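Okay, so here's the structure we're looking at.
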Amino acid sequence: MSDTGALARGGDEKLDLYSSVPFFACHLIALIGPFFVGVSWKLVALAVGLYYFRMAGTTIGYHRYASHRSFKTSRAFQFVLAFWAQMSAQKGMLWWAAHHRNHHKYSDGPEDIHSPKQGFWWSHMGWILCQKYAGTAEIKDLSRFPELRFLNRFHLLPPVLLAVGLFLVGGAPALVWGFFVSTALLWHGTFVVNSLNHVWGSRRYATTEPDTSRNNLVLALITMGEGWHNNHHHYQSSANQGFFWWEVDGSYYLIRLFEALGLVHDVRTPPESIRSATIAAAEKVEPEVVLGMPALE
């Protein structure tokens with residue numbers, strides 16, 4: 001499907017302008033806000049710092065824990081991970097994990113909800129701006145916890161508290177840079193895993209067709225290690241997505257720190273037989289012009 005077709009979808013896959021107002025308002029404030037509050041190295045550092053702080057929450061809390069259960073933790077720290085992840089303003093942990101599991105079940109097939117084969121911009125952000133995927137699918141292992149159901153229902157609570165805290169501490173400049181600029185960048189930093197990480201990079205492993213996941217160092221640096229996407233699709237339950245020492249994976253380093261502090265345990269890593277499995281023929285691909293088991297004890 002062409003990208004134009006992806007943007008001109010019908011029915012419940014059309015852009016829902018009403019529910020998308022906060023998304024576009026955040027981008028507007030991120031673009032024009034700095035002209036009113038000014039620019040400084042401290043404000044830029046604040047935006048970058050909160051970008052990576054919340055990217056780590058996204059990758060560790062939403063992805064490696066909730067979606068793939070790549071390590072175990074306590075109920076209390078599970079709540080911390082959920083709250084931390086939801087500071088990214090990417091809806092609730094239950095919503096995020098349920099949709100991500102769908103992606104892996106049907107990766108790049110017709111039922112994959114955000115494959116770039118259905119249009120680059122659809123996979124990047126179109127799918128989250130329509131009504132079809134607004135609800136939370138059944139996710140039994142996590143929905144049994146009332147505190148997670150509460151956070152999922154009131155998913156804006158963590159980001160709103162962050163925004164209020166920034167305003168109280170640093171006024172409008174901290175709010176604009178620390179929340180709006182940082183959040184807009186964070187959204188797109190997360191979205192590139194669905195879009196670019198399936199069209200740009202190299203394939204070490206011949207994953208099951210029609211999956212097109214790829215490894216990309218640039219995207220790994222942007223996403224705290226998520227750019228080693230072909231590795232991840234090859235062995236999804238691993239806490240590390242950089243399988244080799246030279247594959248930078250910031251999220252995994254933090255998981256190991258949490259393990260050392262006693263906050264998480266039973267951290268899963270790929271066995272040597274998985275890492276050294278039959279390697280796919282080296283295939284470097286440039287971005288396409290057509291711009292998608294309880295763990296508690």
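Labels used: A, B, ... for chains in the order of the structure tokens, numbers from 1 for residues in each chain, and numbers from 1 for ligands as shown.
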
Handout entry: strand (DSSP E or B) per DSSP on the backbone: members of segment 86-290 of chain A, as a ChimeraX atom specification
Key = /A:201-202,205,215,228,264-265,279,285

Please, could you write that set of residues out with C-alpha atoms as a PDB file, in the first residue's frame?
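Result saved to out-v6.pdb:
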```pdb
ATOM      1  CA  GLY A 201      19.710  -1.138   8.443  1.00  0.00           C
ATOM      2  CA  SER A 202      21.211  -4.611   8.130  1.00  0.00           C
ATOM      3  CA  TYR A 205      19.354 -13.109  11.296  1.00  0.00           C
ATOM      4  CA  ASN A 215      19.738  -3.575  13.078  1.00  0.00           C
ATOM      5  CA  TRP A 228      19.149  -3.708  17.395  1.00  0.00           C
ATOM      6  CA  VAL A 264      14.999  -7.152  39.337  1.00  0.00           C
ATOM      7  CA  HIS A 265      16.113 -10.751  38.894  1.00  0.00           C
ATOM      8  CA  ILE A 279      23.410 -15.576   9.900  1.00  0.00           C
ATOM      9  CA  VAL A 285      19.208  -1.091   3.188  1.00  0.00           C
TER      10      VAL A 285
END
```

Exercise for the section: Pick out the residues sitting within 12 Å of Ser67 of chain A, and hand them over as an MDAnalysis selection string; count only C-alpha atoms, and ignore anything fewer than 3 positions along from it in its own chain. Expected result: chainID A and resid 58:64 70:71 82 93:105 139:142 236:239 293:295

Practice task
Output as JSON, numbers by chain all residues of segment 56-115 of chain A that backbone DSSP marks as helix (DSSP H, G or I).
Solution key: {"A": [56, 57, 58, 59, 60, 61, 62, 63, 64, 65, 66, 67, 75, 76, 77, 78, 79, 80, 81, 82, 83, 84, 85, 86, 93, 94, 95, 96, 97, 98, 99, 100, 101, 102, 103, 104, 105]}

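The closest residue to Met125 of chain A, picked from A:Thr269, A:Ser20, A:Asn216, A:Asn197 and counting only C-alpha atoms, is A:Ser20.
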
Problem - Minimum-distance residue to Val199 of chain A, chosen among A:Trp41, A:Ala137, A:Phe244, A:Pro116 (using only C-alpha atoms) - result: A:Pro116

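For segment 155-164 of chain A, the set of protein, DNA and RNA residues having any atom at most 10 Å away, when counting only C-alpha atoms and skipping those fewer than 5 positions along the same chain, is Ala82, Phe83, Trp84, Ala85, Gln86, Met87, Ser88, Ala89, Gln90, Lys91, Gly92, Met93, Leu94, Trp95, Leu148, Arg149, Phe150, Val169, Gly170, Gly171, Ala174, Leu175, Val176, Gly178, Phe179, Phe180 and Thr183 of chain A.
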
I need the chosen residues saved as a tab-separated table (two decimals), in the first residue's frame, with C-alpha atoms.
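Okay, part_26.tsv is ready:
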```
chain	number	residue	atom	x	y	z
A	82	ALA	CA	4.68	1.40	34.88
A	83	PHE	CA	4.64	4.93	36.31
A	84	TRP	CA	8.07	5.66	34.86
A	85	ALA	CA	7.10	4.37	31.43
A	86	GLN	CA	3.85	6.32	31.40
A	87	MET	CA	5.70	9.58	32.02
A	88	SER	CA	6.43	9.30	28.28
A	89	ALA	CA	2.76	10.05	27.52
A	90	GLN	CA	2.35	6.91	25.41
A	91	LYS	CA	-0.83	5.71	27.10
A	92	GLY	CA	-1.00	2.95	29.70
A	93	MET	CA	1.30	0.00	30.19
A	94	LEU	CA	-1.51	-2.46	29.41
A	95	TRP	CA	-2.37	-0.63	26.19
A	148	LEU	CA	-1.87	-1.26	36.66
A	149	ARG	CA	-5.49	-1.09	35.57
A	150	PHE	CA	-5.76	2.22	37.44
A	169	VAL	CA	10.40	24.15	39.79
A	170	GLY	CA	11.49	26.01	36.67
A	171	GLY	CA	8.51	27.96	35.37
A	174	ALA	CA	11.33	24.27	32.15
A	175	LEU	CA	7.81	23.29	31.11
A	176	VAL	CA	8.37	24.08	27.44
A	178	GLY	CA	11.58	19.74	29.78
A	179	PHE	CA	8.11	18.56	28.83
A	180	PHE	CA	6.87	19.71	25.42
A	183	THR	CA	8.04	14.75	24.72
```

Fill in the blank from the handout: Of A:Arg54, A:His234, A:Arg144, A:His198, the one nearest to Arg275 of chain A when counting only C-alpha atoms is A:His234

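If you measure from each of A:Asn230, A:Ser107, A:Ser40, A:Thr73 to Trp177 of chain A using only C-alpha atoms, the closest one turns out to be A:Ser40.
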
Handout entry: Counting only C-alpha atoms, the residue of A:Thr208, A:Ser276, A:Ser19, A:Thr190 that sits nearest Gly57 of chain A
Key = A:Thr190

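With only C-alpha atoms as the atoms that count, the minimum distance from His124 of chain A to the choices A:Phe191, A:Ser74, A:Ser182, A:Thr136 is reached by A:Phe191.
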
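Atom CA of Ala25 of chain A is positioned 18.0 Å from atom CA of Gly189 of chain A.
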
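For the pair atom CA of Ala56 of chain A and atom CA of His114 of chain A, the separation is 21.8 Å.
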
Sorted per-residue table, segment 155-272 of chain A near segment 120-123 of chain A, closest atoms and distance, 9 Å, only C-alpha atoms, as CSV:
```
residue,atom,partner,partner_atom,distance
A:Phe191,CA,A:Ser123,CA,7.9
A:Val192,CA,A:Ser123,CA,8.8
A:Asn194,CA,A:Ser123,CA,6.0
A:Ser195,CA,A:Ser123,CA,5.4
A:Leu196,CA,A:Phe120,CA,8.1
```
